[in-house]
Each structure stands twice: as C-alpha cells, then as structure tokens.
>>> print(open('input_14.pdb').read())   # PDB, C-alpha atoms
ATOM      1  CA  MET Z 953     -61.056 -64.167  38.795
ATOM      2  CA  ARG Z 954     -63.010 -62.762  41.719
ATOM      3  CA  PRO Z 955     -62.067 -59.126  42.465
ATOM      4  CA  PHE Z 956     -60.805 -58.189  45.918
ATOM      5  CA  TRP Z 957     -58.918 -55.385  47.723
ATOM      6  CA  LYS Z 958     -59.716 -52.596  45.271
ATOM      7  CA  SER Z 959     -58.357 -50.235  47.930
ATOM      8  CA  ALA Z 960     -54.854 -51.678  47.409
ATOM      9  CA  GLY Z 961     -54.459 -49.659  44.194
ATOM     10  CA  TYR Z 962     -53.510 -52.612  41.990
ATOM     11  CA  HIS Z 963     -55.262 -50.928  39.056
ATOM     12  CA  LEU Z 964     -52.790 -48.045  39.322
ATOM     13  CA  VAL Z 965     -49.615 -50.045  38.634
ATOM     14  CA  GLU Z 966     -48.162 -52.290  35.936
ATOM     15  CA  ARG Z 967     -46.461 -55.656  36.324
ATOM     16  CA  GLU Z 968     -42.899 -55.984  35.106
ATOM     17  CA  ALA Z 969     -41.627 -59.124  33.380
ATOM     18  CA  ASN Z 970     -40.321 -60.426  36.722
ATOM     19  CA  GLY Z 971     -43.740 -59.979  38.342
ATOM     20  CA  TRP Z 972     -42.856 -56.922  40.417
ATOM     21  CA  LEU Z 973     -44.919 -53.730  40.235
ATOM     22  CA  ARG Z 974     -43.676 -50.740  38.271
ATOM     23  CA  VAL Z 975     -44.173 -47.336  39.870
ATOM     24  CA  THR Z 976     -46.504 -45.389  37.568
ATOM     25  CA  PRO Z 977     -47.698 -41.767  37.367
ATOM     26  CA  ASP Z 978     -51.178 -42.898  38.435
ATOM     27  CA  LEU Z 979     -49.804 -44.475  41.611
ATOM     28  CA  ILE Z 980     -48.073 -41.217  42.520
ATOM     29  CA  ARG Z 981     -51.229 -39.231  41.725
ATOM     30  CA  ALA Z 982     -53.149 -41.366  44.198
ATOM     31  CA  TYR Z 983     -50.817 -40.220  46.990
ATOM     32  CA  LEU Z 984     -50.994 -36.607  45.849
ATOM     33  CA  THR Z 985     -54.777 -36.668  46.197
ATOM     34  CA  ARG Z 986     -54.673 -37.753  49.848
ATOM     35  CA  PRO Z 987     -56.607 -35.375  52.164
ATOM     36  CA  GLU Z 988     -53.358 -34.094  53.683
ATOM     37  CA  ILE Z 989     -52.262 -32.873  50.252
ATOM     38  CA  HIS Z 990     -55.333 -32.169  48.133
ATOM     39  CA  PRO Z 991     -56.110 -28.427  48.139
ATOM     40  CA  VAL Z 992     -59.383 -27.144  49.537
ATOM     41  CA  GLU Z 993     -61.206 -23.962  48.599
ATOM     42  CA  GLU Z 994     -59.340 -21.977  51.258
ATOM     43  CA  SER Z 995     -55.901 -23.148  50.098
ATOM     44  CA  CYS Z 996     -53.513 -20.477  48.881
ATOM     45  CA  ALA Z 997     -52.735 -19.872  45.209
ATOM     46  CA  VAL Z 998     -49.242 -21.382  45.558
ATOM     47  CA  GLU Z 999     -50.716 -24.619  46.855
ATOM     48  CA  HIS Z1000     -53.260 -24.799  44.009
ATOM     49  CA  MET Z1001     -50.595 -24.151  41.393
ATOM     50  CA  LEU Z1002     -48.231 -26.751  42.839
ATOM     51  CA  PHE Z1003     -50.981 -29.352  42.977
ATOM     52  CA  GLU Z1004     -51.946 -28.758  39.337
ATOM     53  CA  ARG Z1005     -48.292 -28.971  38.331
ATOM     54  CA  LEU Z1006     -47.934 -32.356  40.017
ATOM     55  CA  MET Z1007     -51.189 -33.669  38.584
ATOM     56  CA  THR Z1008     -49.821 -32.873  35.131
ATOM     57  CA  ASP Z1009     -46.391 -34.347  35.891
ATOM     58  CA  PRO Z1010     -46.347 -36.482  39.069
ATOM     59  CA  PHE Z1011     -42.577 -36.870  38.700
ATOM     60  CA  ALA Z1012     -41.873 -33.131  38.577
ATOM     61  CA  GLN Z1013     -38.912 -32.029  40.689
ATOM     62  CA  ILE Z1014     -40.093 -29.930  43.633
ATOM     63  CA  THR Z1015     -37.654 -27.976  45.787
ATOM     64  CA  ASP Z1016     -37.954 -26.255  49.144
ATOM     65  CA  GLU Z1017     -38.093 -22.993  47.205
ATOM     66  CA  ASP Z1018     -41.342 -24.230  45.657
ATOM     67  CA  LEU Z1019     -42.820 -25.124  49.060
ATOM     68  CA  ALA Z1020     -41.630 -22.138  51.110
ATOM     69  CA  PRO Z1021     -44.233 -19.636  49.807
ATOM     70  CA  MET Z1022     -47.151 -21.810  50.946
ATOM     71  CA  ALA Z1023     -49.404 -20.025  53.416
ATOM     72  CA  ASP Z1024     -49.873 -23.142  55.570
ATOM     73  CA  PRO Z1025     -46.544 -24.545  56.868
ATOM     74  CA  ASP Z1026     -48.238 -27.818  57.883
ATOM     75  CA  THR Z1027     -49.307 -28.407  54.295
ATOM     76  CA  ALA Z1028     -45.751 -27.722  53.139
ATOM     77  CA  ASP Z1029     -44.495 -30.332  55.615
ATOM     78  CA  ASN Z1030     -47.086 -32.821  54.344
ATOM     79  CA  TYR Z1031     -45.797 -32.253  50.819
ATOM     80  CA  ARG Z1032     -42.243 -32.925  51.990
ATOM     81  CA  VAL Z1033     -43.293 -36.277  53.460
ATOM     82  CA  VAL Z1034     -45.309 -37.409  50.433
ATOM     83  CA  LEU Z1035     -42.698 -36.201  47.944
ATOM     84  CA  GLY Z1036     -39.976 -37.947  49.936
ATOM     85  CA  PHE Z1037     -41.969 -41.160  49.649
ATOM     86  CA  ARG Z1038     -42.519 -40.509  45.938
ATOM     87  CA  ASP Z1039     -38.793 -40.000  45.373
ATOM     88  CA  HIS Z1040     -38.045 -43.251  47.200
ATOM     89  CA  LEU Z1041     -40.505 -45.153  44.995
ATOM     90  CA  VAL Z1042     -39.195 -43.578  41.803
ATOM     91  CA  ALA Z1043     -35.563 -44.223  42.709
ATOM     92  CA  HIS Z1044     -36.232 -47.941  43.055
ATOM     93  CA  LYS Z1045     -38.619 -48.200  40.064
ATOM     94  CA  THR Z1046     -40.788 -50.985  41.527
ATOM     95  CA  VAL Z1047     -42.884 -51.136  44.683
ATOM     96  CA  GLU Z1048     -41.167 -54.336  45.814
ATOM     97  CA  ALA Z1049     -37.660 -52.948  45.374
ATOM     98  CA  ALA Z1050     -38.657 -49.766  47.199
ATOM     99  CA  TYR Z1051     -40.119 -51.793  50.065
ATOM    100  CA  ALA Z1052     -37.092 -54.071  50.431
ATOM    101  CA  ALA Z1053     -34.713 -51.093  50.311
ATOM    102  CA  LEU Z1054     -36.382 -49.523  53.351
ATOM    103  CA  PHE Z1055     -34.920 -52.177  55.614
ATOM    104  CA  ARG Z1056     -31.381 -51.920  54.295
ATOM    105  CA  ALA Z1057     -31.074 -48.198  54.885
ATOM    106  CA  GLY Z1058     -31.072 -47.974  58.678
ATOM    107  CA  ALA Z1059     -33.496 -45.390  60.040
ATOM    108  CA  ILE Z1060     -36.820 -45.354  58.189
ATOM    109  CA  ALA Z1061     -38.189 -41.885  57.446
ATOM    110  CA  ILE Z1062     -41.384 -43.060  55.709
ATOM    111  CA  PRO Z1063     -44.617 -43.074  57.765
ATOM    112  CA  PRO Z1064     -45.760 -46.558  58.853
ATOM    113  CA  VAL Z1065     -49.096 -46.109  57.075
ATOM    114  CA  PHE Z1066     -47.275 -45.822  53.732
ATOM    115  CA  ILE Z1067     -45.316 -49.003  54.476
ATOM    116  CA  ASP Z1068     -48.526 -50.883  55.269
ATOM    117  CA  GLN Z1069     -50.025 -49.637  52.010
ATOM    118  CA  MET Z1070     -47.004 -50.921  50.113
ATOM    119  CA  VAL Z1071     -47.444 -54.352  51.701
ATOM    120  CA  HIS Z1072     -51.160 -54.278  50.860
ATOM    121  CA  LEU Z1073     -50.384 -53.551  47.212
ATOM    122  CA  ILE Z1074     -47.575 -56.117  47.004
ATOM    123  CA  LEU Z1075     -49.816 -58.819  48.463
ATOM    124  CA  ARG Z1076     -52.606 -57.885  46.053
ATOM    125  CA  ASN Z1077     -50.099 -58.650  43.324
ATOM    126  CA  ILE Z1078     -48.796 -61.843  44.912
ATOM    127  CA  LEU Z1079     -52.308 -63.178  45.520
ATOM    128  CA  ARG Z1080     -53.831 -61.870  42.290
ATOM    129  CA  ASN Z1081     -54.949 -65.372  41.244
ATOM    130  CA  CYS Z1082     -55.925 -66.562  44.713
ATOM    131  CA  GLN Z1083     -59.452 -67.953  45.001
ATOM    132  CA  ASP Z1084     -59.233 -68.916  48.681
ATOM    133  CA  PRO Z1085     -60.922 -66.307  50.905
ATOM    134  CA  LEU Z1086     -59.316 -67.776  54.027
ATOM    135  CA  ARG Z1087     -55.862 -67.169  52.592
ATOM    136  CA  LEU Z1088     -56.791 -63.607  51.673
ATOM    137  CA  ARG Z1089     -58.162 -62.979  55.164
ATOM    138  CA  ALA Z1090     -54.995 -64.422  56.713
ATOM    139  CA  ALA Z1091     -52.930 -62.106  54.491
ATOM    140  CA  GLU Z1092     -54.532 -59.092  56.173
ATOM    141  CA  LEU Z1093     -52.227 -59.759  59.152
ATOM    142  CA  PHE Z1094     -49.328 -58.536  57.004
ATOM    143  CA  PHE Z1095     -50.646 -54.980  56.717
ATOM    144  CA  ARG Z1096     -53.427 -54.432  59.264
ATOM    145  CA  GLU Z1097     -53.120 -54.620  63.038
ATOM    146  CA  GLN Z1098     -55.236 -57.372  64.580
ATOM    147  CA  ILE Z1099     -56.751 -57.800  68.022
ATOM    148  CA  VAL Z1100     -56.902 -61.234  69.635
ATOM    149  CA  THR Z1101     -59.796 -62.591  71.672
ATOM    150  CA  LEU Z1102     -59.183 -65.647  73.852
ATOM    151  CA  ASN Z1103     -62.329 -67.311  75.128
ATOM    152  CA  GLU Z1104     -62.655 -70.838  76.518
ATOM    153  CA  GLY Z1105     -60.021 -72.329  74.251
ATOM    154  CA  THR Z1106     -60.843 -70.275  71.160
ATOM    155  CA  VAL Z1107     -58.406 -67.878  69.536
ATOM    156  CA  THR Z1108     -60.110 -65.325  67.301
ATOM    157  CA  ILE Z1109     -58.408 -62.480  65.480
ATOM    158  CA  ALA Z1110     -60.184 -59.416  64.119
ATOM    159  CA  ASP Z1111     -59.134 -56.131  62.590
ATOM    160  CA  SER Z1112     -58.151 -53.780  65.411
ATOM    161  CA  GLU Z1113     -59.394 -50.619  63.705
ATOM    162  CA  ILE Z1114     -62.748 -52.157  62.814
ATOM    163  CA  VAL Z1115     -63.259 -53.550  66.310
ATOM    164  CA  GLU Z1116     -62.496 -50.146  67.822
ATOM    165  CA  MET Z1117     -64.851 -48.392  65.421
ATOM    166  CA  MET Z1118     -67.676 -50.827  66.056
ATOM    167  CA  SER Z1119     -67.209 -50.660  69.813
ATOM    168  CA  GLU Z1120     -67.645 -46.894  69.558
ATOM    169  CA  THR Z1121     -70.689 -46.939  67.277
ATOM    170  CA  GLY Z1122     -72.253 -50.355  67.785
ATOM    171  CA  GLY Z1123     -71.909 -50.896  64.055
ATOM    172  CA  LEU Z1124     -74.379 -48.076  63.377
ATOM    173  CA  GLY Z1125     -71.938 -45.439  62.145
ATOM    174  CA  GLY Z1126     -72.700 -41.815  63.003
ATOM    175  CA  LEU Z1127     -76.064 -42.752  64.491
ATOM    176  CA  GLY Z1128     -74.361 -45.202  66.816
ATOM    177  CA  ALA Z1129     -71.903 -42.539  67.961
ATOM    178  CA  LEU Z1130     -74.819 -40.223  68.828
ATOM    179  CA  LEU Z1131     -76.581 -42.993  70.705
ATOM    180  CA  MET Z1132     -73.414 -43.750  72.659
ATOM    181  CA  GLU Z1133     -73.028 -40.072  73.585
ATOM    182  CA  SER Z1134     -76.624 -39.973  74.815
ATOM    183  CA  GLY Z1135     -76.105 -43.030  76.994
ATOM    184  CA  THR Z1136     -78.477 -45.243  74.999
ATOM    185  CA  PRO Z1137     -77.646 -48.941  75.561
ATOM    186  CA  MET Z1138     -76.032 -50.428  72.453
ATOM    187  CA  ARG Z1139     -76.517 -53.903  71.117
ATOM    188  CA  GLU Z1140     -73.442 -56.118  71.205
ATOM    189  CA  VAL Z1141     -71.764 -56.336  67.808
ATOM    190  CA  ALA Z1142     -70.096 -59.576  66.735
ATOM    191  CA  LEU Z1143     -68.012 -59.865  63.576
ATOM    192  CA  ASP Z1144     -68.596 -62.854  61.304
ATOM    193  CA  VAL Z1145     -65.918 -65.490  61.859
ATOM    194  CA  LEU Z1146     -64.775 -66.604  58.415
ATOM    195  CA  GLY Z1147     -64.678 -70.344  57.883
ATOM    196  CA  GLU Z1148     -64.959 -72.901  55.115
ATOM    197  CA  GLU Z1149     -68.768 -72.839  55.341
ATOM    198  CA  ASN Z1150     -69.221 -69.074  54.915
ATOM    199  CA  ALA Z1151     -66.006 -68.140  53.078
ATOM    200  CA  GLU Z1152     -67.924 -66.684  50.114
ATOM    201  CA  ILE Z1153     -69.003 -63.659  52.153
ATOM    202  CA  TYR Z1154     -65.413 -62.393  51.986
ATOM    203  CA  TRP Z1155     -65.539 -61.392  48.326
ATOM    204  CA  GLU Z1156     -68.036 -58.567  48.695
ATOM    205  CA  ARG Z1157     -66.532 -57.443  52.004
ATOM    206  CA  SER Z1158     -62.799 -57.687  51.295
ATOM    207  CA  ASP Z1159     -62.259 -53.922  51.483
ATOM    208  CA  ARG Z1160     -64.244 -53.599  54.692
ATOM    209  CA  PHE Z1161     -61.848 -55.803  56.715
ATOM    210  CA  ASP Z1162     -64.774 -56.751  58.923
ATOM    211  CA  THR Z1163     -64.461 -60.528  59.168
ATOM    212  CA  ALA Z1164     -62.728 -62.398  61.978
ATOM    213  CA  LEU Z1165     -60.623 -65.553  61.731
ATOM    214  CA  ASP Z1166     -60.360 -68.563  64.013
ATOM    215  CA  PHE Z1167     -56.622 -68.904  64.653
ATOM    216  CA  ARG Z1168     -56.504 -72.082  66.709
ATOM    217  CA  PHE Z1169     -53.926 -74.682  65.731
ATOM    218  CA  THR Z1170     -56.644 -77.102  64.636
ATOM    219  CA  GLN Z1171     -58.418 -74.577  62.391
ATOM    220  CA  PRO Z1172     -57.674 -73.477  58.794
ATOM    221  CA  GLY Z1173     -56.480 -69.989  59.841
ATOM    222  CA  PRO Z1174     -52.837 -70.817  60.670
ATOM    223  CA  ASP Z1175     -52.517 -73.045  57.610
ATOM    224  CA  ALA Z1176     -53.864 -70.280  55.347
ATOM    225  CA  PHE Z1177     -51.388 -67.868  56.944
ATOM    226  CA  ALA Z1178     -48.568 -70.353  56.303
ATOM    227  CA  ARG Z1179     -49.410 -70.413  52.596
ATOM    228  CA  VAL Z1180     -49.141 -66.602  52.468
ATOM    229  CA  LEU Z1181     -45.737 -66.786  54.174
ATOM    230  CA  GLU Z1182     -44.597 -69.177  51.432
ATOM    231  CA  ASP Z1183     -45.955 -66.885  48.708
ATOM    232  CA  TRP Z1184     -44.286 -63.797  50.221
ATOM    233  CA  ILE Z1185     -40.877 -65.485  50.399
ATOM    234  CA  ARG Z1186     -41.169 -66.888  46.878
ATOM    235  CA  HIS Z1187     -42.071 -63.466  45.476
ATOM    236  CA  PHE Z1188     -39.142 -61.647  47.074
ATOM    237  CA  ALA Z1189     -36.392 -64.256  47.432
ATOM    238  CA  ARG Z1190     -37.257 -66.474  44.446
ATOM    239  CA  VAL Z1191     -36.933 -69.586  46.594
ATOM    240  CA  ASP Z1192     -39.494 -72.225  47.519
ATOM    241  CA  VAL Z1193     -40.113 -73.053  51.155
ATOM    242  CA  ARG Z1194     -42.634 -75.198  52.974
ATOM    243  CA  VAL Z1195     -44.220 -73.699  56.088
ATOM    244  CA  GLN Z1196     -46.229 -75.856  58.486
ATOM    245  CA  PRO Z1197     -47.980 -74.881  61.733
ATOM    246  CA  VAL Z1198     -46.655 -76.784  64.757
ATOM    247  CA  GLN Z1199     -47.704 -76.905  68.382
ATOM    248  CA  LYS Z1200     -44.209 -76.962  69.874
ATOM    249  CA  ILE Z1201     -40.604 -76.559  68.831
ATOM    250  CA  ARG Z1202     -39.014 -79.966  69.246
ATOM    251  CA  ASP Z1203     -35.470 -79.536  68.036
ATOM    252  CA  GLU Z1204     -32.352 -80.474  69.989
ATOM    253  CA  HIS Z1205     -30.280 -78.707  67.316
ATOM    254  CA  TRP Z1206     -32.324 -75.525  67.095
ATOM    255  CA  SER Z1207     -30.211 -73.285  64.869
ATOM    256  CA  TRP Z1208     -32.361 -70.494  63.409
ATOM    257  CA  HIS Z1209     -35.614 -68.730  64.135
ATOM    258  CA  ILE Z1210     -37.506 -65.666  62.946
ATOM    259  CA  GLY Z1211     -40.051 -63.758  64.967
ATOM    260  CA  LEU Z1212     -42.845 -62.428  62.787
ATOM    261  CA  ASP Z1213     -43.360 -59.495  65.170
ATOM    262  CA  ALA Z1214     -41.416 -57.778  67.936
ATOM    263  CA  ASP Z1215     -43.054 -59.824  70.716
ATOM    264  CA  ALA Z1216     -42.450 -63.153  69.003
ATOM    265  CA  THR Z1217     -38.824 -62.199  68.376
ATOM    266  CA  ALA Z1218     -38.266 -61.505  72.074
ATOM    267  CA  ILE Z1219     -40.031 -64.704  73.149
ATOM    268  CA  LEU Z1220     -38.196 -66.930  70.647
ATOM    269  CA  ASN Z1221     -34.869 -65.366  71.618
ATOM    270  CA  ALA Z1222     -35.603 -66.172  75.257
ATOM    271  CA  LEU Z1223     -36.554 -69.764  74.441
ATOM    272  CA  TYR Z1224     -33.486 -70.224  72.268
ATOM    273  CA  ASN Z1225     -31.251 -68.937  75.050
ATOM    274  CA  GLU Z1226     -33.050 -71.200  77.551
ATOM    275  CA  GLU Z1227     -34.181 -68.247  79.600
ATOM    276  CA  GLY Z1228     -37.196 -68.605  81.833
ATOM    277  CA  LEU Z1229     -40.484 -67.338  80.467
ATOM    278  CA  SER Z1230     -43.452 -66.368  82.586
ATOM    279  CA  GLU Z1231     -46.736 -68.163  82.038
ATOM    280  CA  ALA Z1232     -48.158 -64.889  80.710
ATOM    281  CA  ASP Z1233     -45.408 -64.640  78.068
ATOM    282  CA  ASN Z1234     -45.946 -68.251  77.040
ATOM    283  CA  MET Z1235     -49.646 -67.533  76.599
ATOM    284  CA  ARG Z1236     -48.830 -64.722  74.186
ATOM    285  CA  ILE Z1237     -47.417 -67.146  71.607
ATOM    286  CA  LEU Z1238     -50.261 -67.640  69.143
ATOM    287  CA  CYS Z1239     -48.640 -69.766  66.447
ATOM    288  CA  LEU Z1240     -45.403 -71.581  65.771
ATOM    289  CA  PHE Z1241     -44.318 -72.732  62.336
ATOM    290  CA  ARG Z1242     -41.631 -74.948  60.881
ATOM    291  CA  MET Z1243     -40.121 -73.711  57.615
ATOM    292  CA  ASP Z1244     -38.025 -75.939  55.358
ATOM    293  CA  PHE Z1245     -36.271 -74.937  52.159
ATOM    294  CA  GLN Z1246     -37.400 -77.081  49.231
ATOM    295  CA  ASN Z1247     -33.956 -76.766  47.635
ATOM    296  CA  ARG Z1248     -31.227 -77.161  50.249
ATOM    297  CA  THR Z1249     -28.752 -75.150  48.177
ATOM    298  CA  ASP Z1250     -30.933 -72.034  48.552
ATOM    299  CA  MET Z1251     -30.085 -72.020  52.253
ATOM    300  CA  ARG Z1252     -26.930 -70.833  53.967
ATOM    301  CA  SER Z1253     -24.414 -73.667  53.803
ATOM    302  CA  ASP Z1254     -23.951 -74.054  57.572
ATOM    303  CA  LEU Z1255     -27.738 -74.409  58.054
ATOM    304  CA  ARG Z1256     -28.644 -76.677  55.144
ATOM    305  CA  GLY Z1257     -31.146 -79.356  56.051
ATOM    306  CA  LYS Z1258     -32.104 -77.640  59.307
ATOM    307  CA  PRO Z1259     -35.559 -76.141  59.878
ATOM    308  CA  VAL Z1260     -36.209 -72.474  60.472
ATOM    309  CA  TRP Z1261     -38.693 -71.872  63.281
ATOM    310  CA  LEU Z1262     -41.175 -69.032  62.986
ATOM    311  CA  GLY Z1263     -43.331 -67.506  65.679
ATOM    312  CA  LEU Z1264     -46.297 -65.154  65.813
ATOM    313  CA  ALA Z1265     -47.278 -63.585  69.125
ATOM    314  CA  MET Z1266     -49.621 -60.997  70.520
ATOM    315  CA  SER Z1267     -48.504 -58.013  72.545
ATOM    316  CA  LYS Z1268     -49.472 -57.411  76.159
ATOM    317  CA  ASP Z1269     -52.477 -55.432  74.910
ATOM    318  CA  ASN Z1270     -53.631 -58.455  72.837
ATOM    319  CA  LYS Z1271     -52.597 -56.977  69.481
ATOM    320  CA  ILE Z1272     -50.784 -58.600  66.566
ATOM    321  CA  ARG Z1273     -48.445 -56.143  64.887
ATOM    322  CA  MET Z1274     -46.767 -58.268  62.257
ATOM    323  CA  LYS Z1275     -43.457 -57.234  60.673
ATOM    324  CA  PRO Z1276     -43.342 -58.990  57.277
ATOM    325  CA  GLN Z1277     -39.955 -57.394  56.620
ATOM    326  CA  ASN Z1278     -38.481 -59.813  59.171
ATOM    327  CA  LEU Z1279     -38.903 -62.567  56.572
ATOM    328  CA  LEU Z1280     -36.712 -60.594  54.183
ATOM    329  CA  VAL Z1281     -33.909 -59.411  56.432
ATOM    330  CA  ASN Z1282     -33.580 -62.550  58.582
ATOM    331  CA  LEU Z1283     -34.021 -65.334  56.049
ATOM    332  CA  PRO Z1284     -30.851 -67.519  56.029
ATOM    333  CA  LEU Z1285     -30.302 -67.465  52.283
ATOM    334  CA  ALA Z1286     -27.229 -68.755  50.506
ATOM    335  CA  SER Z1287     -25.119 -65.935  49.136
ATOM    336  CA  GLY Z1288     -26.397 -65.096  45.686
ATOM    337  CA  SER Z1289     -29.928 -66.359  46.331
TER     338      SER Z1289
END
>>> encode(input="input_14.pdb", output="structure tokens")
Amino acid sequence: MRPFWKSAGYHLVEREANGWLRVTPDLIRAYLTRPEIHPVEESCAVEHMLFERLMTDPFAQITDEDLAPMADPDTADNYRVVLGFRDHLVAHKTVEAAYAALFRAGAIAIPPVFIDQMVHLILRNILRNCQDPLRLRAAELFFREQIVTLNEGTVTIADSEIVEMMSETGGLGGLGALLMESGTPMREVALDVLGEENAEIYWERSDRFDTALDFRFTQPGPDAFARVLEDWIRHFARVDVRVQPVQKIRDEHWSWHIGLDADATAILNALYNEEGLSEADNMRILCLFRMDFQNRTDMRSDLRGKPVWLGLAMSKDNKIRMKPQNLLVNLPLASGS
C-alpha cells in the first residue's frame, strides 16, 4: 500500500479487534514531546525531572503538587492541558471512543488542535487501504480548514494555512519572507489542482497539504468527499449509508438534515423552516448531498425510507470549517444501532 499522512501518528498506535485505535504509551509520548512541553536547556530541574519521569512512564499520575514547583507557570499550565488530554484518552482506551465522548460531555476543555489531530489519526486508520488520492485529499476537509476560491464558475478549495503561508512568502520560505519585507515583487504562487490526470503527485506530498481540489458539482471532488462521509459513518456507527452529491433538495417531505459545519447548519435550518435567504447566503452553499441508509432498520423508525440531506457551506470569509462530529451526534439512528 502507498504510504501517506505519516504526520497522523498511525505508527504510534495499535488497532483493536473492532478496528478502533488503542491508546499506547508511544502516542502519549508524542504529545509530551511537543514544543510547549519538551524542556529546553534553560528549563528548571523540576521540569527536567518530570519530563524524564513521563518519558519512562507516560501514564504516570501527576498531581498539582508535582507541577507547582516549576519555575515557569506557563509551562505548568501547558502540562495541565496535555495531561488532561492524556487522561481523557486513557480513560476511553481508544482514540475513537475518546473522540466520540467529547461531544457527549457538554463543554469541551480540549484544545481544537488536539481534536483535529484525533480526526487526522482516525481517518488515517479508516482510509488505511485507500489507493485513491482524490478521496484522501477530500478527507483533509475533516481536519484542516480550507479556503474557497470562486472564479468564473469554478469552485476550488485549498488548505487555508498553506495558502496563508505561501501568500506571505511566495512559496520561497524564509527567503520569501525577507523579500516581502524588502518590498521585492513576488511571483504569484498557484497550488496544483488535484485531478484524475495528476493524482499521483499526492503520494509524495500528502503531509504537505499543498494541493487544491476542484469542488464543482460536476467534478470528482464532491463524490470523493461523499465516499469519505460513508466511511466515517461506517467506522463509528457500524451502519452502511449511501451518500450522493445533489444540486438541489427536492423533497416535499423533507424530514431530516445535517449541516457539516456551523454555516451549513444555519442555512439548512433556514431552508427547512422556509425562511428567506439572501442571495449571498445561497451562494455560500458549496455542496448538498442525499444520504440513504442501506438497511432501513438502522434508521430511526419514524424516518425509515426517508433521505437525510447534508450540506457543506463556506463562511462569510470564504472558509470551510467542517465539524465531522455533527455526523455522529445528529445521525438519526435506531436505538441500539
């Protein structure tokens, strides 16, 4: 199989019999070596000793009494955050169970970046046998913010962080930043748009997140994204669904919908309630999907046989900030599914 997304940390975990990922000491060590935690030469002796203790036993119980003597209170706070995340992972034993539990507990105390990393790792597991670069690129929407470019009928999505970085450096790294500061004109940088003809370039660049995707209804992007939606639901809910991109919602008996982000949720709610939408809000809807349960009995009894409508939208600043958890908490499953 072609390797991809080494940065997800898939090599740090182990698959359980049910296919979910067991939390391992190596996974915890990876978080303990983050720059916010890893000691530097100037770090105090307490910090060095605590770090070595955790490297030896990543599951060691650490109390506030252990953190209080640290010379740098910010470092102590960073430890509290990372150890709180560690304890959440350990309590739920698998990455998937820990992720799902976040959205049943009310207020979420874990930093968003850790949640995105969990999704990245879970998808690396779900797609471990995937050989379709377009599907892998579409899966990046689940854990990396995208920016949308609309130009003469085209709809192109690219990684927001990469676009921002390249706009600041012209794709030339530190040299580009210096040139920008000096006022030197920069060449325009265009990301490669991934398609069926050039899909092979993705394999060596999967951890760079520097390819764009054509997301028009007629292009493979939305269909590839739909396949990832199916895979995500199957992995968590153990049910099979069929997701198809559609241009419009034509349903006189519209009964259920799920927004895949906050903007899509608001727009679909307005449409469902027959509230007026401005032309600008309508333009922010990027994709609509029809989802059908393959086995009717997996669906809530009062909705069996009815489609579930899904929507993906961009924000007013042309960003896609997907919330994959919406597919877990809002799926109309039969009790016991």
>>> closest_residue(input="input_14.pdb", among="Z:Leu1238, Z:Glu1204, Z:Trp1155, Z:Ala1189", to="Phe1169 in chain Z", atoms="only C-alpha atoms")
Z:Leu1238
>>> residues_around(input="input_14.pdb", residues="Ile1099 in chain Z", least_positions_apart="3", cutoff="10 Å", atoms="all atoms listed in the file", output="list in words")
Arg1096, Thr1108, Ile1109, Ala1110, Asp1111, Ser1112, Glu1113, Ile1114, Val1115, Glu1116, Ala1164, Met1266, Ser1267, Asp1269, Asn1270, Lys1271, Ile1272 and Arg1273 of chain Z
>>> write_last_selection(input="input_14.pdb", atoms="C-alpha atoms", output="compact mmCIF listing (two decimals), in the coordinates of the input")
# COMPACT_ATOMS: atom_id res chain seq x y z
CA ARG Z 1096 -53.43 -54.43 59.26
CA THR Z 1108 -60.11 -65.32 67.30
CA ILE Z 1109 -58.41 -62.48 65.48
CA ALA Z 1110 -60.18 -59.42 64.12
CA ASP Z 1111 -59.13 -56.13 62.59
CA SER Z 1112 -58.15 -53.78 65.41
CA GLU Z 1113 -59.39 -50.62 63.70
CA ILE Z 1114 -62.75 -52.16 62.81
CA VAL Z 1115 -63.26 -53.55 66.31
CA GLU Z 1116 -62.50 -50.15 67.82
CA ALA Z 1164 -62.73 -62.40 61.98
CA MET Z 1266 -49.62 -61.00 70.52
CA SER Z 1267 -48.50 -58.01 72.54
CA ASP Z 1269 -52.48 -55.43 74.91
CA ASN Z 1270 -53.63 -58.46 72.84
CA LYS Z 1271 -52.60 -56.98 69.48
CA ILE Z 1272 -50.78 -58.60 66.57
CA ARG Z 1273 -48.44 -56.14 64.89
>>> resolve_selection(input="input_14.pdb", expression="the PyMOL selection byres ((chain Z and resi 1017-1032) around 10)", output="PyMOL selection string")
chain Z and resi 984+988-991+995-1000+1002-1003+1013-1016+1033-1038
>>> closest_residue(input="input_14.pdb", among="Z:Trp1208, Z:Ala1176, Z:Met1117, Z:Phe1094", to="Asp1068 in chain Z", atoms="only C-alpha atoms")
Z:Phe1094
>>> resolve_selection(input="input_14.pdb", expression="the PyMOL selection byres ((chain Z and resi 1234-1236) around 9)", output="list in words")
Asp1215, Ala1216, Ile1219, Leu1229, Ser1230, Glu1231, Ala1232, Asp1233, Ile1237, Leu1238, Leu1264, Ala1265, Met1266, Ser1267, Lys1268 and Asn1270 of chain Z
>>> residues_around(input="input_14.pdb", residues="Pro1259 in chain Z", least_positions_apart="6", cutoff="8 Å", atoms="all atoms listed in the file", output="ChimeraX atom specification")
/Z:1206-1208,1242-1245
>>> closest_residue(input="input_14.pdb", among="Z:Asp978, Z:Glu1104, Z:Glu968, Z:Asp1250", to="Asn1077 in chain Z", atoms="only C-alpha atoms")
Z:Glu968
>>> atom_distance(input="input_14.pdb", atom1="CA of Trp957 in chain Z", atom2="CA of Asp1166 in chain Z")
21.0 Å
>>> resolve_selection(input="input_14.pdb", expression="the PyMOL selection byres ((chain Z and resi 960) around 9)", output="number ranges by chain")
Z: 956-959, 961-963, 1069-1076, 1159
>>> closest_residue(input="input_14.pdb", among="Z:Phe1161, Z:Tyr1224, Z:Phe1241, Z:Trp972", to="His1205 in chain Z", atoms="all atoms listed in the file")
Z:Tyr1224
>>> residues_around(input="input_14.pdb", residues="Met1274 in chain Z", least_positions_apart="6", cutoff="8 Å", atoms="only C-alpha atoms", output="ChimeraX atom specification")
/Z:1093-1095,1097,1212-1214,1264
>>> atom_distance(input="input_14.pdb", atom1="CA of Arg1005 in chain Z", atom2="CA of Val1042 in chain Z")
17.6 Å
>>> closest_residue(input="input_14.pdb", among="Z:His1040, Z:Arg1157, Z:His1187, Z:Arg974", to="Leu1079 in chain Z", atoms="all atoms listed in the file")
Z:His1187
>>> atom_distance(input="input_14.pdb", atom1="CA of Val1195 in chain Z", atom2="CA of Arg1179 in chain Z")
7.1 Å
>>> closest_residue(input="input_14.pdb", among="Z:Leu1220, Z:Gln1246, Z:Leu973, Z:Glu993", to="Arg1186 in chain Z", atoms="only C-alpha atoms")
Z:Gln1246
